[in-house]
Amino acid sequence: METKVILDTVWVLIAAFLVFFMNAGFALLETGLCQAKNAVNILAKNFIVFAVSSIAFWIIGFGLMFGDGNGILGLGGWFLAGTDNSPATGEAYSGVFSALSWTGVPLAAKFFFQLVFAGTAATIVSGAVAERIKFFSFIMFSFILIALIYPVVGHWGWGGGWLSGLGFVDFAGSTMVHSVGGWAALLGAFILGPRVGKYRPDGSTKPIPGHNMSLATLGTLILWLGWFGFNPGSTMAADPAAISSIALNTNMAGAAGCLVAALISYLVLGKPDLSMILNGTLAGLVAVTAGCNSVSVAGSVFIGTIAGVLVVYAVLFFDRVRIDDPVGALSVHLVNGVFGTAAVGLFSIKGGLFYGGGFRLLGVQLLGIAAVGAFVVAASAIAWLALKATIGIRVTAEEERSGLDLGEHGMEAYPGFAQNSPEPSMMDIT
Amino acid sequence: METKVILDTVWVLIAAFLVFFMNAGFALLETGLCQAKNAVNILAKNFIVFAVSSIAFWIIGFGLMFGDGNGILGLGGWFLAGTDNSPATGEAYSGVFSALSWTGVPLAAKFFFQLVFAGTAATIVSGAVAERIKFFSFIMFSFILIALIYPVVGHWGWGGGWLSGLGFVDFAGSTMVHSVGGWAALLGAFILGPRVGKYRPDGSTKPIPGHNMSLATLGTLILWLGWFGFNPGSTMAADPAAISSIALNTNMAGAAGCLVAALISYLVLGKPDLSMILNGTLAGLVAVTAGCNSVSVAGSVFIGTIAGVLVVYAVLFFDRVRIDDPVGALSVHLVNGVFGTAAVGLFSIKGGLFYGGGFRLLGVQLLGIAAVGAFVVAASAIAWLALKATIGIRVTAEEERSGLDLGEHGMEAYPGFAQNSPEPSMMDIT
Amino acid sequence: METKVILDTVWVLIAAFLVFFMNAGFALLETGLCQAKNAVNILAKNFIVFAVSSIAFWIIGFGLMFGDGNGILGLGGWFLAGTDNSPATGEAYSGVFSALSWTGVPLAAKFFFQLVFAGTAATIVSGAVAERIKFFSFIMFSFILIALIYPVVGHWGWGGGWLSGLGFVDFAGSTMVHSVGGWAALLGAFILGPRVGKYRPDGSTKPIPGHNMSLATLGTLILWLGWFGFNPGSTMAADPAAISSIALNTNMAGAAGCLVAALISYLVLGKPDLSMILNGTLAGLVAVTAGCNSVSVAGSVFIGTIAGVLVVYAVLFFDRVRIDDPVGALSVHLVNGVFGTAAVGLFSIKGGLFYGGGFRLLGVQLLGIAAVGAFVVAASAIAWLALKATIGIRVTAEEERSGLDLGEHGMEAYPGFAQNSPEPSMMDIT
């Protein structure tokens, strides 16, 4: 028993470290896929957001999410205070975080693991609102998201709330993390509006290529690595069969998403586009996150395959409806978070439609997707609009043109390097 | 017993994650040491190759390598199917993967750990054929290598085949991984021919410097980190004495290779060349891989020292014979994979020549090196020539000049940055 | 008991791998914050320094630090030789490394974990002496530091020496690692003098911006990750309560330092400066290192808060006294290493002033800070001056102007990229 506590704690902490490192992955992916003139701003956003999440989740978020309360909200455990005799579990547990009494690790480990998940949700937003959001407004929104919005739906699904009571399955967070970040990002991108010049009056879209594909590729490999903490770590216990199988499923879905997105981008765009290859991998990883512990290896490959198709068309779709998402965060995290959660209803060997489980699980999954989506859309709309009405959320067009690095931070990312002269398409920019 | 399974599984998975991360190391090292105009292509190759390996090894490679069969080939376990009661071990094991019944972890963990090794072999090829190979042909060769070539020799040495029966020692893969990748790379580089303009009519060699030494250095540090999974993880068990000693030996060989290559490059080239320092470290790491569990710390330092000398002269040698290897992959992985395997016959405290073991072990080592080399040379020659005769393996000279990024992927790695004007040595390029 | 050895060894090794990876963090942070023309040199320094440390610590450093001896020095165990029956502990231990007999892991694991710590101390120096030190002189100083200087004070505090006997508390090395590196760096920066043109005759300071903030940010995230090995690993045992709590405290101090430095830089400099955000995080991490196992979460947040203030003013201070530290290493490691060690005397729940412990612990902490500082200042002054008098420590002004990459290594980091034309402030230089 004591040995089990040690094993579980070591596993949970190492998994948490890997998930923490995803901050670097997100930072590099977003930076690489955006323009050099905004690199400092993007790096600063992605870096500080985890510090903001750490403080917000410690003060209030963790209590709202996992504190004892009712089916809607946790109502205690602010600042990690309150009784708690972890690593005692089950009947032996006494404390205010009953929803996490199933995992036998110290409270600090529970909190830290959940914190790195919360941080992921906040980081997802960053990509979709990049290259035009005010630095301070992003910080404020991140605080609100992690202190208030993420924990509420988290309570529903993981904190002992009403959704988990219905049998909703989201093992490692396709919905709870990725779609939450995705919905909040969608509202942000919509309310902010597109970058200046992105959508031309004639209906065409101006490509704004990322400035450093080396960074973007490294970032994606770091994210892939981090997912080996994200999914297998969500056992919150060193269960050998589970963690091995989850690690493998995670990898195979990512691999399938990668290859399929390469193929589809070749067929649709004429060339195997590297950013599609990267996003296809992430799409597969996001999609398998909900069901990684309940699907077969072949099921994971199927899920990754569909994700690899979805992500390419989703990128094209968002441009068609003129929602400007510089890095494809919506296509990866929102679309495939939703798909992956629904896919559990199809592919789960424990009640999925394709395994003879009928429509019940699928129905619950769709209900959960809708409920979480509705709440996060409403709550983040309120937050974004309140910020817009007060401190403002968008930099000036002039600052956007010259770059947020100078405007927001007074510095450049690559001061020694000569940039190409202003693009001939400058006139497109109003 | 159950606790041992947990411990071994946690260790094997974490080691596998570190080895997985070597994909990032190889990607950055190769990208950094090549030209900016080919960076997207190199990143895409190094990224997608692990996805290709994942699928190829799942479908057929793992079965060929570890499935029960005969001394030459495994003959079952395609798609990981077939009976298997892992983590049962030894007598208690029943299933089609008897060759891995010595390690008490779930089948998914065995597969995943072996998969990341297979991926390494495929990645090694990438560097030697860089800046001129067609993207799709590289993908095809990688599939063949991991589905068919790597598993066959892997079966000989690790899958219960004839070579292991003779007492051949290659603990973590100086031969099975590094030289396999190296031989396949040698054939690829030879059949492709050198990059346009690399070797001038007057017999001199044109230096083509890498475009980003920051990436190359980071990549090498990631590889060094990954080796702490590669070598200590090859125990496939959390044996404290073994994993500690292997980690230390691995580090000391890398450190010695680093310092010696710095010194030799200073003596031979006049300056301590950073790419030699990086490759010297990798040479030491490759060389100690075969014997990391059977040599002393001092032995590791010796092995690293010799590797650091070998790598510098090997780089010069391959240029002299006009085999164009843009990143030094042959000098690192082939030359030192061979040397390291032979070094076991000299430095092993369990039967090495210098420890009174006579010539028997050394002889078996040399036989193994030769047999593996002969097979991989033959098989990869067939594969490369078949690809050359069908879909072609080399991009056009025009595409090579303008860069594979535009030609193969329709994008640039660093679109915002001004490049230096065409080199005055342009006339050298035919 | 055997299980405990396995668990502790797995934990110690994984922590050591994370700390090893900090070499990449330091390399990228320093490279990113310096100029492109010196990037190869900085990368080479940061890469080779761990190889140098590995050899120096193996030959002599580890014996001086942990070998049995007297209160001042260890006197045995060179080359890791000598009797040692680790992982036996306490009374059961017999061997020459009694000071490490409290941790039940194999000797190779003890050495490797201590080695990566020693490597950290050496790397800290690199940043403060960047852009003007001779490559070979830096290697020599690093060898002296790790073979002789670091181990002596390490013996005092961690190797059974006089300082630990007094009750001095430095759990993971705010003093033993960070301030040791910091004092040695201070002497180096002082004796070398500032970079050409940094301090103008009119009393003003010339800003010399770093060339790549993406690298600097990635480097800092890698360092933050590495700290989860550095601090929780210093238990050298997989104690679940301790490692969970230490990981959390480490994170919260870093987060607080990050946010506070962002705020202070906004208030003082007018913008949230990214390099201050990065250094603020590191300042919080350094400061909590001494007390991470003996302060509360709130205490960690306090310590990080103060560190975030200190680091901004320290950067301004060192420029005012014209000690040129290109990356802020002194402000991070020296100032906050000292502060963090003193903070244990205030915030420790085991004897700190604020927890009713009176002034005794605080007094011992201040004594330890002073003693370590005095020795390292004296010893490194001798080392730097001896190197200066013999092989010289500073490159020529001409080489400094054209960049150390060409001068020391005969290569460029980014040969394909156009640099901005010489700065108009060129006349300032001279």
# chains A, B, ... in the order shown; residues from 1 in each chain; ligands from 1

$ closest_atom_pairs --of "stretch 286-362 of chain C" --to "stretch 111-130 of chain C" --cutoff "7 Å" --atoms "only C-alpha atoms" --output "tab-separated table"
residue	atom	partner	partner_atom	distance
C:Asp325	CA	C:Ala128	CA	4.4
C:Pro326	CA	C:Ala128	CA	6.0
C:Val327	CA	C:Gly127	CA	5.7
C:Ala329	CA	C:Ala128	CA	5.8
C:Leu330	CA	C:Ala128	CA	7.0

$ write_last_selection --atoms "all heavy atoms" --output "PDB file, in the first residue's frame"
ATOM      1  N   ASP C 325      27.088  41.897 -17.296  1.00  0.00           N
ATOM      2  CA  ASP C 325      26.594  40.522 -17.220  1.00  0.00           C
ATOM      3  C   ASP C 325      25.540  40.372 -18.322  1.00  0.00           C
ATOM      4  O   ASP C 325      24.376  40.688 -18.117  1.00  0.00           O
ATOM      5  CB  ASP C 325      25.984  40.321 -15.825  1.00  0.00           C
ATOM      6  CG  ASP C 325      25.292  38.994 -15.665  1.00  0.00           C
ATOM      7  OD1 ASP C 325      25.428  38.132 -16.558  1.00  0.00           O
ATOM      8  OD2 ASP C 325      24.598  38.818 -14.645  1.00  0.00           O
ATOM      9  N   PRO C 326      25.950  39.890 -19.482  1.00  0.00           N
ATOM     10  CA  PRO C 326      25.057  39.959 -20.654  1.00  0.00           C
ATOM     11  C   PRO C 326      23.694  39.299 -20.463  1.00  0.00           C
ATOM     12  O   PRO C 326      22.730  39.693 -21.115  1.00  0.00           O
ATOM     13  CB  PRO C 326      25.867  39.237 -21.746  1.00  0.00           C
ATOM     14  CG  PRO C 326      27.285  39.394 -21.341  1.00  0.00           C
ATOM     15  CD  PRO C 326      27.279  39.377 -19.841  1.00  0.00           C
ATOM     16  N   VAL C 327      23.604  38.313 -19.591  1.00  0.00           N
ATOM     17  CA  VAL C 327      22.343  37.576 -19.499  1.00  0.00           C
ATOM     18  C   VAL C 327      21.636  37.738 -18.160  1.00  0.00           C
ATOM     19  O   VAL C 327      20.573  37.151 -17.944  1.00  0.00           O
ATOM     20  CB  VAL C 327      22.568  36.070 -19.756  1.00  0.00           C
ATOM     21  CG1 VAL C 327      23.245  35.865 -21.094  1.00  0.00           C
ATOM     22  CG2 VAL C 327      23.342  35.416 -18.648  1.00  0.00           C
ATOM     23  N   ALA C 329      22.930  36.726 -15.248  1.00  0.00           N
ATOM     24  CA  ALA C 329      23.209  35.542 -14.420  1.00  0.00           C
ATOM     25  C   ALA C 329      23.466  35.911 -12.960  1.00  0.00           C
ATOM     26  O   ALA C 329      23.057  35.188 -12.050  1.00  0.00           O
ATOM     27  CB  ALA C 329      24.406  34.777 -14.987  1.00  0.00           C
ATOM     28  N   LEU C 330      24.117  37.048 -12.736  1.00  0.00           N
ATOM     29  CA  LEU C 330      24.405  37.457 -11.357  1.00  0.00           C
ATOM     30  C   LEU C 330      23.116  37.803 -10.618  1.00  0.00           C
ATOM     31  O   LEU C 330      22.933  37.444  -9.455  1.00  0.00           O
ATOM     32  CB  LEU C 330      25.347  38.655 -11.350  1.00  0.00           C
ATOM     33  CG  LEU C 330      26.690  38.438 -12.066  1.00  0.00           C
ATOM     34  CD1 LEU C 330      27.496  39.741 -12.064  1.00  0.00           C
ATOM     35  CD2 LEU C 330      27.472  37.324 -11.391  1.00  0.00           C
TER      36      LEU C 330
END

$ residues_around --residues "C:Leu406" --least-positions-apart "4" --cutoff "9 Å" --atoms "only C-alpha atoms" --output "list in words"
Lys37, Asn38, Val40, Asn41, Glu399, Ser402, Gly410, Met411 and Glu412 of chain C

$ write_last_selection --atoms "N, CA and C atoms" --output "mmCIF file, in the first residue's frame"
data_model
loop_
_atom_site.group_PDB
_atom_site.id
_atom_site.type_symbol
_atom_site.label_atom_id
_atom_site.label_comp_id
_atom_site.auth_asym_id
_atom_site.auth_seq_id
_atom_site.Cartn_x
_atom_site.Cartn_y
_atom_site.Cartn_z
ATOM 1 N N LYS C 37 26.587 37.073 -33.552
ATOM 2 C CA LYS C 37 27.980 36.872 -33.959
ATOM 3 C C LYS C 37 28.769 36.061 -32.931
ATOM 4 N N ASN C 38 28.209 35.870 -31.742
ATOM 5 C CA ASN C 38 28.870 35.071 -30.710
ATOM 6 C C ASN C 38 28.122 33.776 -30.401
ATOM 7 N N VAL C 40 27.813 30.734 -31.892
ATOM 8 C CA VAL C 40 28.546 29.462 -31.936
ATOM 9 C C VAL C 40 29.409 29.311 -30.694
ATOM 10 N N ASN C 41 30.078 30.385 -30.334
ATOM 11 C CA ASN C 41 30.945 30.335 -29.167
ATOM 12 C C ASN C 41 30.168 30.020 -27.900
ATOM 13 N N GLU C 399 38.668 40.910 -32.356
ATOM 14 C CA GLU C 399 37.878 39.687 -32.396
ATOM 15 C C GLU C 399 36.503 39.910 -31.763
ATOM 16 N N SER C 402 34.308 41.655 -34.355
ATOM 17 C CA SER C 402 33.865 40.817 -35.481
ATOM 18 C C SER C 402 33.117 39.584 -35.007
ATOM 19 N N GLY C 410 35.985 29.784 -36.182
ATOM 20 C CA GLY C 410 36.074 29.787 -37.642
ATOM 21 C C GLY C 410 34.783 29.453 -38.351
ATOM 22 N N MET C 411 33.662 29.749 -37.716
ATOM 23 C CA MET C 411 32.383 29.470 -38.358
ATOM 24 C C MET C 411 31.332 30.444 -37.854
ATOM 25 N N GLU C 412 30.225 30.488 -38.574
ATOM 26 C CA GLU C 412 29.115 31.342 -38.165
ATOM 27 C C GLU C 412 27.918 30.493 -37.772
#

$ select_by_dssp --residues "stretch 122-216 of chain C" --states "alpha helix (DSSP H)" --output "PyMOL selection string"
chain C and resi 122-128+135-144+150-158+162-165+180-192+213-216

$ interface_residues --of "chain B" --to "chain A" --cutoff "9 Å" --atoms "only C-alpha atoms" --output "MDAnalysis selection string"
chainID B and resid 3 5:10 13:14 17:18 20:21 23:25 27:28 31 39:41 43:44 47:48 50:55 79:80 87 105:112 215 407:419

$ atom_distance --atom1 "atom CA of C:Ala314" --atom2 "atom CA of C:Ser137"
27.4 Å

$ atom_distance --atom1 "atom CA of C:Val377" --atom2 "atom CA of C:Ala185"
9.4 Å

$ atom_distance --atom1 "atom CA of B:Trp183" --atom2 "atom CA of B:Phe375"
9.4 Å

$ residues_around --residues "A:Asp170" --least-positions-apart "5" --cutoff "9 Å" --atoms "only C-alpha atoms" --output "ChimeraX atom specification"
/A:157-158,175-176,289-291,340-341,344,365

$ write_last_selection --atoms "N, CA, C and O atoms" --output "CSV table (one decimal), in the first residue's frame"
chain,number,residue,atom,x,y,z
A,157,GLY,N,-17.6,17.3,-15.1
A,157,GLY,CA,-17.2,16.1,-15.7
A,157,GLY,C,-16.2,15.3,-14.8
A,157,GLY,O,-16.2,14.1,-14.8
A,158,TRP,N,-15.4,16.0,-14.0
A,158,TRP,CA,-14.3,15.3,-13.3
A,158,TRP,C,-14.4,15.6,-11.8
A,158,TRP,O,-13.7,14.9,-11.0
A,175,THR,N,-12.8,16.9,-24.2
A,175,THR,CA,-13.8,17.9,-24.0
A,175,THR,C,-13.4,18.9,-22.9
A,175,THR,O,-13.3,20.1,-23.0
A,176,MET,N,-13.0,18.3,-21.7
A,176,MET,CA,-12.8,19.1,-20.5
A,176,MET,C,-11.6,20.0,-20.7
A,176,MET,O,-11.6,21.1,-20.1
A,289,THR,N,-7.8,11.5,-27.0
A,289,THR,CA,-7.6,11.8,-25.6
A,289,THR,C,-8.8,11.4,-24.8
A,289,THR,O,-8.6,10.9,-23.7
A,290,ALA,N,-10.0,11.5,-25.3
A,290,ALA,CA,-11.1,11.1,-24.5
A,290,ALA,C,-11.2,9.6,-24.3
A,290,ALA,O,-11.7,9.1,-23.3
A,291,GLY,N,-10.9,8.9,-25.3
A,291,GLY,CA,-11.1,7.4,-25.3
A,291,GLY,C,-9.8,6.6,-25.3
A,291,GLY,O,-9.9,5.4,-25.4
A,340,GLY,N,-13.4,13.7,-30.9
A,340,GLY,CA,-12.9,12.7,-30.1
A,340,GLY,C,-13.8,12.2,-29.0
A,340,GLY,O,-13.9,11.0,-28.6
A,341,THR,N,-14.5,13.2,-28.4
A,341,THR,CA,-15.5,12.9,-27.4
A,341,THR,C,-16.6,12.0,-27.9
A,341,THR,O,-17.1,11.0,-27.3
A,344,VAL,N,-15.8,8.3,-28.7
A,344,VAL,CA,-15.9,7.4,-27.6
A,344,VAL,C,-17.2,6.6,-27.7
A,344,VAL,O,-17.3,5.4,-27.4
A,365,GLN,N,-22.5,11.3,-24.6
A,365,GLN,CA,-21.3,12.0,-25.0
A,365,GLN,C,-21.7,13.3,-25.7
A,365,GLN,O,-21.2,14.4,-25.5

$ closest_residue --among "B:Ile60, B:Ile144, B:Ala99, B:Met276" --to "B:Trp156" --atoms "only C-alpha atoms"
B:Ala99

$ residues_around --residues "A:Gly77" --least-positions-apart "3" --cutoff "8 Å" --atoms "only C-alpha atoms" --output "list in words"
Ile60, Phe62, Gly63, Leu64, Gly67, Leu80, Ala81, Gly82, Val96 and Phe97 of chain A

$ write_last_selection --atoms "all heavy atoms" --output "PDB file, in the first residue's frame"
ATOM      1  N   ILE A  60      -8.448  29.877  -6.436  1.00  0.00           N
ATOM      2  CA  ILE A  60      -9.874  29.588  -6.520  1.00  0.00           C
ATOM      3  C   ILE A  60     -10.233  28.419  -7.436  1.00  0.00           C
ATOM      4  O   ILE A  60     -11.113  27.627  -7.118  1.00  0.00           O
ATOM      5  CB  ILE A  60     -10.646  30.864  -6.974  1.00  0.00           C
ATOM      6  CG1 ILE A  60     -12.153  30.609  -7.021  1.00  0.00           C
ATOM      7  CG2 ILE A  60     -10.158  31.358  -8.312  1.00  0.00           C
ATOM      8  CD1 ILE A  60     -12.973  31.875  -7.149  1.00  0.00           C
ATOM      9  N   PHE A  62      -9.023  25.413  -8.314  1.00  0.00           N
ATOM     10  CA  PHE A  62      -8.999  24.037  -7.849  1.00  0.00           C
ATOM     11  C   PHE A  62     -10.141  23.762  -6.885  1.00  0.00           C
ATOM     12  O   PHE A  62     -10.763  22.695  -6.921  1.00  0.00           O
ATOM     13  CB  PHE A  62      -7.658  23.748  -7.177  1.00  0.00           C
ATOM     14  CG  PHE A  62      -7.436  22.305  -6.818  1.00  0.00           C
ATOM     15  CD1 PHE A  62      -7.190  21.363  -7.808  1.00  0.00           C
ATOM     16  CD2 PHE A  62      -7.464  21.888  -5.496  1.00  0.00           C
ATOM     17  CE1 PHE A  62      -6.959  20.020  -7.471  1.00  0.00           C
ATOM     18  CE2 PHE A  62      -7.238  20.557  -5.156  1.00  0.00           C
ATOM     19  CZ  PHE A  62      -6.992  19.627  -6.146  1.00  0.00           C
ATOM     20  N   GLY A  63     -10.461  24.738  -6.047  1.00  0.00           N
ATOM     21  CA  GLY A  63     -11.578  24.586  -5.114  1.00  0.00           C
ATOM     22  C   GLY A  63     -12.918  24.508  -5.836  1.00  0.00           C
ATOM     23  O   GLY A  63     -13.773  23.676  -5.503  1.00  0.00           O
ATOM     24  N   LEU A  64     -13.104  25.355  -6.822  1.00  0.00           N
ATOM     25  CA  LEU A  64     -14.339  25.317  -7.617  1.00  0.00           C
ATOM     26  C   LEU A  64     -14.494  23.983  -8.345  1.00  0.00           C
ATOM     27  O   LEU A  64     -15.598  23.483  -8.531  1.00  0.00           O
ATOM     28  CB  LEU A  64     -14.325  26.413  -8.681  1.00  0.00           C
ATOM     29  CG  LEU A  64     -14.910  27.766  -8.357  1.00  0.00           C
ATOM     30  CD1 LEU A  64     -14.890  28.638  -9.612  1.00  0.00           C
ATOM     31  CD2 LEU A  64     -16.340  27.649  -7.827  1.00  0.00           C
ATOM     32  N   GLY A  67     -13.383  20.922  -5.085  1.00  0.00           N
ATOM     33  CA  GLY A  67     -13.846  21.052  -3.712  1.00  0.00           C
ATOM     34  C   GLY A  67     -15.235  20.446  -3.563  1.00  0.00           C
ATOM     35  O   GLY A  67     -16.033  20.422  -4.508  1.00  0.00           O
ATOM     36  N   LEU A  80      -5.873  25.788  -1.521  1.00  0.00           N
ATOM     37  CA  LEU A  80      -5.534  24.419  -1.101  1.00  0.00           C
ATOM     38  C   LEU A  80      -5.746  24.199   0.387  1.00  0.00           C
ATOM     39  O   LEU A  80      -5.241  23.208   0.939  1.00  0.00           O
ATOM     40  CB  LEU A  80      -4.081  24.084  -1.444  1.00  0.00           C
ATOM     41  CG  LEU A  80      -3.801  23.643  -2.878  1.00  0.00           C
ATOM     42  CD1 LEU A  80      -2.323  23.319  -3.023  1.00  0.00           C
ATOM     43  CD2 LEU A  80      -4.622  22.420  -3.218  1.00  0.00           C
ATOM     44  N   ALA A  81      -6.451  25.080   1.036  1.00  0.00           N
ATOM     45  CA  ALA A  81      -6.668  24.915   2.468  1.00  0.00           C
ATOM     46  C   ALA A  81      -7.858  23.973   2.713  1.00  0.00           C
ATOM     47  O   ALA A  81      -8.574  23.599   1.796  1.00  0.00           O
ATOM     48  CB  ALA A  81      -6.929  26.264   3.113  1.00  0.00           C
ATOM     49  N   GLY A  82      -8.094  23.616   3.929  1.00  0.00           N
ATOM     50  CA  GLY A  82      -9.167  22.677   4.268  1.00  0.00           C
ATOM     51  C   GLY A  82      -8.572  21.323   4.583  1.00  0.00           C
ATOM     52  O   GLY A  82      -7.468  20.996   4.174  1.00  0.00           O
ATOM     53  N   VAL A  96     -11.888  17.776   2.059  1.00  0.00           N
ATOM     54  CA  VAL A  96     -12.820  18.567   1.256  1.00  0.00           C
ATOM     55  C   VAL A  96     -12.691  18.321  -0.245  1.00  0.00           C
ATOM     56  O   VAL A  96     -13.394  18.950  -1.036  1.00  0.00           O
ATOM     57  CB  VAL A  96     -12.636  20.072   1.534  1.00  0.00           C
ATOM     58  CG1 VAL A  96     -12.887  20.363   3.010  1.00  0.00           C
ATOM     59  CG2 VAL A  96     -11.256  20.556   1.116  1.00  0.00           C
ATOM     60  N   PHE A  97     -11.767  17.440  -0.640  1.00  0.00           N
ATOM     61  CA  PHE A  97     -11.604  17.163  -2.064  1.00  0.00           C
ATOM     62  C   PHE A  97     -12.012  15.724  -2.385  1.00  0.00           C
ATOM     63  O   PHE A  97     -11.245  14.946  -2.955  1.00  0.00           O
ATOM     64  CB  PHE A  97     -10.154  17.415  -2.496  1.00  0.00           C
ATOM     65  CG  PHE A  97      -9.670  18.816  -2.230  1.00  0.00           C
ATOM     66  CD1 PHE A  97      -8.749  19.074  -1.224  1.00  0.00           C
ATOM     67  CD2 PHE A  97     -10.139  19.885  -2.983  1.00  0.00           C
ATOM     68  CE1 PHE A  97      -8.303  20.360  -0.976  1.00  0.00           C
ATOM     69  CE2 PHE A  97      -9.699  21.184  -2.745  1.00  0.00           C
ATOM     70  CZ  PHE A  97      -8.776  21.429  -1.725  1.00  0.00           C
TER      71      PHE A  97
END

$ closest_residue --among "B:Ser380, B:Thr396, B:Asn85, B:Ser234" --to "B:Phe141" --atoms "only C-alpha atoms"
B:Ser380
